[in-house]
2 protein chains.
Amino acid sequence: MPRLVDHEQRRAEVAAVARSVIVRSGLEALTVREVAKAAGYSTAIVSHYFADKRQFLLYIYRWTAMRAEARVRARFDAAPHDLLASIESLLPIEEERRQDWLVWFAFWGWAASDPEFAREQRSQTRMARDMVASLIAAAIRDGTLIAETDHADLALRLITLVDGIAIQAIFDPDDWSGDRQRAAIRRELAPYESGPAR
Amino acid sequence: MPRLVDHEQRRAEVAAVARSVIVRSGLEALTVREVAKAAGYSTAIVSHYFADKRQFLLYIYRWTAMRAEARVRARFDAAPHDLLASIESLLPIEEERRQDWLVWFAFWGWAASDPEFAREQRSQTRMARDMVASLIAAAIRDGTLIAETDHADLALRLITLVDGIAIQAIFDPDDWSGDRQRAAIRRELAPYESGPAR
């Protein structure tokens with residue numbers, strides 16, 4: 001048995017448990033004690049990694065955002081001609097992505113009155129938009145989208161649409177099937193697609 | 001001095017103070033004790049009206065939603081040919097409406113793990129969409145929008161757009177000026193406007 005624990009790994013483990021507490025029971029239930037209980041650690045160990053709810057939330061938020069970005073990029077690399085599939089991987093169509101949105105909602109509620117979190121949210125949204133703009137630029141170079149596409153403007157509209165869909169779909173999944181979510185994105189992309197003749 | 005206090009009025013007063021606590025300090029700070037302090041009442045009086053944070057939040061949410069709907073309807077009645085102005089009155093362009101969105105963010109964060117709140121959110125969103133659809137239908141009858149407008153579909157897209165804009169604008173008001181917010185709505189409405197020749 002190694003004498004030293006891998007601190008980064010344990011921190012990530014504790015954060016994963018904290019994320020599941022948020023997803024299951026909400027931010028209100030997120031306490032060092034609750035996470036310790038769910039993780040099977042002492043409260044002393046948990047509070048060694050995260051002093052409070054705020055630190056839990058910031059770490060989980062960043063981890064969730066990073067993983068979502070990696071997912072979109074991986075989808076794009078696997079299918080560069082299918083921009084819809086990349087954007088779709090942000091939507092709450094299956095359970096893991098639904099959980100991402102629950103984390104984001106919890107973060108927004110907090111960020112509304114916390115300037116540091118608000119700054120974080122602002123910069124994450126701008127980064128997401130830049131990432132989508134870079135995929136659009138690649139799709140233009142590639143001939144999948146027409147050359148006239150304004151990549152910054154389309155990226156902004158796609159992010160706005162994804163946010164607007166997700167908020168409704170989380171609370172009303174019957175009304176917002178995966179097909180309906182996809183159709184809304186497809187409609188936004190359609191005017192820029194170069195068509196089967198490319 | 002009247003012997004009986006007007007309970008509904010006092011309840012509304014206490015809720016208004018609770019709303020200002022959420023807006024200023026976040027849901028985390030919302031406690032019976034904090035509201036009592038801010039309102040200048042005893043905790044016994046405050047907890048007579050609201051047992052806990054959950055009751056505060058539900059009441060404030062409904063009050064905020066009701067007032068927002070009244071604002072949209074009043075704007076439409078005052079200027080039935082200017083649908084943009086009605087929709088715009090939902091956007092976080094000035095302080096009071098910005099505060100409405102802070103209340104909604106707080107509610108979403110909670111609703112994510114509370115089935116009763118989730119149901120409330122779902123039904124409020126559907127009502128908002130029906131209200132917008134009814135304004136669109138009136139604008140079609142009136143000749144402001146073309147007869148071919150699918151009012152349910154356009155209402156859905158406008159609500160989605162308003163949600164998506166608001167989330168970004170709250171945290172990034174520099175990037176999302178009132179003009180930019182309005183322009184995004186105008187763009188969505190433009191294909192359906194019957195033009196100056198009507």
# chains A, B, ... in the order shown; residues from 1 in each chain; ligands from 1

$ residues_around --residues "segment 42-53 of chain A" --least-positions-apart "2" --cutoff "7 Å" --atoms "only C-alpha atoms" --output "MDAnalysis selection string"
chainID A and resid 11 14 30:33 36 40 55:57

$ select_by_dssp --residues "segment 46-196 of chain A" --states "helix (DSSP H, G or I)" --output "ChimeraX atom specification"
/A:46-49,53-78,83-88,95-111,115-141,151-171,178-192

$ residues_around --residues "segment 140-143 of chain B" --least-positions-apart "3" --cutoff "12 Å" --atoms "only C-alpha atoms" --output "PyMOL selection string"
chain B and resi 79-83+133-137+146-151+154+192-198

$ closest_atom_pairs --of "chain B" --to "chain A" --cutoff "7 Å" --atoms "only C-alpha atoms" --output "CSV"
residue,atom,partner,partner_atom,distance
B:Val23,CA,A:Ser113,CA,6.7
B:Arg24,CA,A:Ser113,CA,6.1
B:Ser25,CA,A:Ser113,CA,5.4
B:Gly26,CA,A:Ser113,CA,5.2
B:Leu102,CA,A:Ala112,CA,6.0
B:Phe105,CA,A:Gly109,CA,4.8
B:Ala106,CA,A:Gly109,CA,4.4
B:Trp108,CA,A:Phe105,CA,6.3
B:Gly109,CA,A:Ala106,CA,4.4
B:Trp110,CA,A:Gly26,CA,6.3
B:Ala112,CA,A:Leu102,CA,6.0
B:Ser113,CA,A:Gly26,CA,5.2
B:Ala118,CA,A:Phe171,CA,5.7
B:Gln121,CA,A:Phe171,CA,6.9
B:Arg122,CA,A:Phe171,CA,5.6
B:Thr160,CA,A:Gly164,CA,4.4
B:Leu161,CA,A:Gly164,CA,5.9
B:Asp163,CA,A:Gly164,CA,4.8
B:Gly164,CA,A:Gly164,CA,4.0
B:Ile165,CA,A:Thr160,CA,5.9
B:Phe171,CA,A:Arg122,CA,5.6
B:Asp172,CA,A:Arg122,CA,5.8

$ residues_around --residues "Glu13 of chain B" --least-positions-apart "3" --cutoff "12 Å" --atoms "only C-alpha atoms" --output "PDB file with N, CA, C and O atoms, in the first residue's frame"
ATOM      1  N   ASP B   6     -53.585  43.320   8.059  1.00  0.00           N
ATOM      2  CA  ASP B   6     -53.997  42.725   6.796  1.00  0.00           C
ATOM      3  C   ASP B   6     -52.969  41.643   6.455  1.00  0.00           C
ATOM      4  O   ASP B   6     -51.869  41.940   6.013  1.00  0.00           O
ATOM      5  N   HIS B   7     -53.371  40.388   6.662  1.00  0.00           N
ATOM      6  CA  HIS B   7     -52.396  39.297   6.545  1.00  0.00           C
ATOM      7  C   HIS B   7     -51.824  39.138   5.136  1.00  0.00           C
ATOM      8  O   HIS B   7     -50.649  38.896   4.968  1.00  0.00           O
ATOM      9  N   GLU B   8     -52.698  39.291   4.141  1.00  0.00           N
ATOM     10  CA  GLU B   8     -52.194  39.121   2.774  1.00  0.00           C
ATOM     11  C   GLU B   8     -51.166  40.206   2.432  1.00  0.00           C
ATOM     12  O   GLU B   8     -50.172  39.955   1.771  1.00  0.00           O
ATOM     13  N   GLN B   9     -51.469  41.393   2.933  1.00  0.00           N
ATOM     14  CA  GLN B   9     -50.548  42.493   2.645  1.00  0.00           C
ATOM     15  C   GLN B   9     -49.208  42.286   3.357  1.00  0.00           C
ATOM     16  O   GLN B   9     -48.141  42.493   2.777  1.00  0.00           O
ATOM     17  N   ARG B  10     -49.269  41.845   4.594  1.00  0.00           N
ATOM     18  CA  ARG B  10     -48.021  41.633   5.330  1.00  0.00           C
ATOM     19  C   ARG B  10     -47.216  40.488   4.708  1.00  0.00           C
ATOM     20  O   ARG B  10     -45.991  40.561   4.598  1.00  0.00           O
ATOM     21  N   ALA B  16     -41.541  40.533  -0.389  1.00  0.00           N
ATOM     22  CA  ALA B  16     -40.758  41.537  -1.120  1.00  0.00           C
ATOM     23  C   ALA B  16     -39.377  41.695  -0.482  1.00  0.00           C
ATOM     24  O   ALA B  16     -38.363  41.825  -1.185  1.00  0.00           O
ATOM     25  N   VAL B  17     -39.333  41.659   0.826  1.00  0.00           N
ATOM     26  CA  VAL B  17     -38.039  41.731   1.514  1.00  0.00           C
ATOM     27  C   VAL B  17     -37.214  40.478   1.193  1.00  0.00           C
ATOM     28  O   VAL B  17     -36.011  40.567   0.906  1.00  0.00           O
ATOM     29  N   ALA B  18     -37.866  39.324   1.203  1.00  0.00           N
ATOM     30  CA  ALA B  18     -37.162  38.075   0.889  1.00  0.00           C
ATOM     31  C   ALA B  18     -36.601  38.116  -0.537  1.00  0.00           C
ATOM     32  O   ALA B  18     -35.474  37.681  -0.801  1.00  0.00           O
ATOM     33  N   ARG B  19     -37.380  38.667  -1.449  1.00  0.00           N
ATOM     34  CA  ARG B  19     -36.905  38.806  -2.832  1.00  0.00           C
ATOM     35  C   ARG B  19     -35.640  39.664  -2.873  1.00  0.00           C
ATOM     36  O   ARG B  19     -34.669  39.328  -3.549  1.00  0.00           O
ATOM     37  N   SER B  20     -35.642  40.740  -2.129  1.00  0.00           N
ATOM     38  CA  SER B  20     -34.459  41.609  -2.161  1.00  0.00           C
ATOM     39  C   SER B  20     -33.243  40.913  -1.534  1.00  0.00           C
ATOM     40  O   SER B  20     -32.111  41.162  -1.936  1.00  0.00           O
ATOM     41  N   VAL B  35     -34.438  37.457   6.792  1.00  0.00           N
ATOM     42  CA  VAL B  35     -35.571  38.235   6.293  1.00  0.00           C
ATOM     43  C   VAL B  35     -36.187  39.058   7.426  1.00  0.00           C
ATOM     44  O   VAL B  35     -36.525  40.233   7.249  1.00  0.00           O
ATOM     45  N   ALA B  36     -36.304  38.457   8.601  1.00  0.00           N
ATOM     46  CA  ALA B  36     -36.864  39.167   9.756  1.00  0.00           C
ATOM     47  C   ALA B  36     -36.017  40.409  10.051  1.00  0.00           C
ATOM     48  O   ALA B  36     -36.546  41.503  10.251  1.00  0.00           O
ATOM     49  N   ALA B  38     -34.035  42.053   7.984  1.00  0.00           N
ATOM     50  CA  ALA B  38     -34.165  43.044   6.913  1.00  0.00           C
ATOM     51  C   ALA B  38     -35.536  43.724   6.940  1.00  0.00           C
ATOM     52  O   ALA B  38     -35.670  44.887   6.557  1.00  0.00           O
ATOM     53  N   ALA B  39     -36.558  42.986   7.364  1.00  0.00           N
ATOM     54  CA  ALA B  39     -37.917  43.541   7.349  1.00  0.00           C
ATOM     55  C   ALA B  39     -38.233  44.311   8.622  1.00  0.00           C
ATOM     56  O   ALA B  39     -39.210  45.068   8.669  1.00  0.00           O
ATOM     57  N   GLY B  40     -37.438  44.092   9.663  1.00  0.00           N
ATOM     58  CA  GLY B  40     -37.738  44.731  10.947  1.00  0.00           C
ATOM     59  C   GLY B  40     -38.877  44.047  11.697  1.00  0.00           C
ATOM     60  O   GLY B  40     -39.571  44.678  12.497  1.00  0.00           O
ATOM     61  N   TYR B  41     -39.097  42.756  11.409  1.00  0.00           N
ATOM     62  CA  TYR B  41     -40.091  41.974  12.141  1.00  0.00           C
ATOM     63  C   TYR B  41     -39.377  40.947  13.016  1.00  0.00           C
ATOM     64  O   TYR B  41     -38.192  40.668  12.814  1.00  0.00           O
ATOM     65  N   ILE B  45     -42.978  36.352  13.629  1.00  0.00           N
ATOM     66  CA  ILE B  45     -43.933  36.878  12.633  1.00  0.00           C
ATOM     67  C   ILE B  45     -43.593  36.360  11.241  1.00  0.00           C
ATOM     68  O   ILE B  45     -44.463  35.877  10.508  1.00  0.00           O
ATOM     69  N   VAL B  46     -42.308  36.438  10.882  1.00  0.00           N
ATOM     70  CA  VAL B  46     -41.928  35.995   9.534  1.00  0.00           C
ATOM     71  C   VAL B  46     -42.256  34.514   9.335  1.00  0.00           C
ATOM     72  O   VAL B  46     -42.830  34.122   8.321  1.00  0.00           O
ATOM     73  N   TYR B  49     -45.715  33.513   8.350  1.00  0.00           N
ATOM     74  CA  TYR B  49     -46.093  33.620   6.942  1.00  0.00           C
ATOM     75  C   TYR B  49     -45.356  32.631   6.050  1.00  0.00           C
ATOM     76  O   TYR B  49     -45.900  32.132   5.077  1.00  0.00           O
ATOM     77  N   PHE B  50     -44.101  32.395   6.368  1.00  0.00           N
ATOM     78  CA  PHE B  50     -43.286  31.493   5.542  1.00  0.00           C
ATOM     79  C   PHE B  50     -42.465  30.598   6.456  1.00  0.00           C
ATOM     80  O   PHE B  50     -41.584  31.082   7.174  1.00  0.00           O
ATOM     81  N   PHE B  56     -40.796  30.609   0.833  1.00  0.00           N
ATOM     82  CA  PHE B  56     -40.403  31.930   0.333  1.00  0.00           C
ATOM     83  C   PHE B  56     -40.245  31.894  -1.182  1.00  0.00           C
ATOM     84  O   PHE B  56     -40.780  32.701  -1.910  1.00  0.00           O
ATOM     85  N   TYR B  59     -43.439  31.368  -3.364  1.00  0.00           N
ATOM     86  CA  TYR B  59     -44.296  32.553  -3.364  1.00  0.00           C
ATOM     87  C   TYR B  59     -43.685  33.663  -4.230  1.00  0.00           C
ATOM     88  O   TYR B  59     -44.355  34.268  -5.062  1.00  0.00           O
ATOM     89  N   ILE B  60     -42.385  33.914  -4.040  1.00  0.00           N
ATOM     90  CA  ILE B  60     -41.698  34.975  -4.789  1.00  0.00           C
ATOM     91  C   ILE B  60     -41.688  34.666  -6.292  1.00  0.00           C
ATOM     92  O   ILE B  60     -41.880  35.535  -7.131  1.00  0.00           O
ATOM     93  N   TRP B  63     -45.213  35.271  -7.722  1.00  0.00           N
ATOM     94  CA  TRP B  63     -45.483  36.704  -7.750  1.00  0.00           C
ATOM     95  C   TRP B  63     -44.705  37.347  -8.906  1.00  0.00           C
ATOM     96  O   TRP B  63     -45.237  38.164  -9.668  1.00  0.00           O
TER      97      TRP B  63
END

$ atom_distance --atom1 "atom CA of Glu95 of chain A" --atom2 "atom CA of Asp130 of chain A"
25.9 Å

$ residues_around --residues "Arg75 of chain A" --least-positions-apart "6" --cutoff "8 Å" --atoms "only C-alpha atoms" --output "number ranges by chain"
A: 85-86, 89

$ closest_residue --among "A:Ala12, A:Glu69, A:Leu58, A:Glu94" --to "Gly178 of chain A" --atoms "only C-alpha atoms"
A:Glu94

$ residues_around --residues "Glu88 of chain A" --least-positions-apart "6" --cutoff "9 Å" --atoms "only C-alpha atoms" --output "MDAnalysis selection string"
chainID A and resid 72 162 181:182 185

$ atom_distance --atom1 "atom CA of Arg186 of chain B" --atom2 "atom CA of Leu84 of chain B"
6.5 Å

$ atom_distance --atom1 "atom CA of Asp153 of chain B" --atom2 "atom CA of Val132 of chain B"
10.5 Å
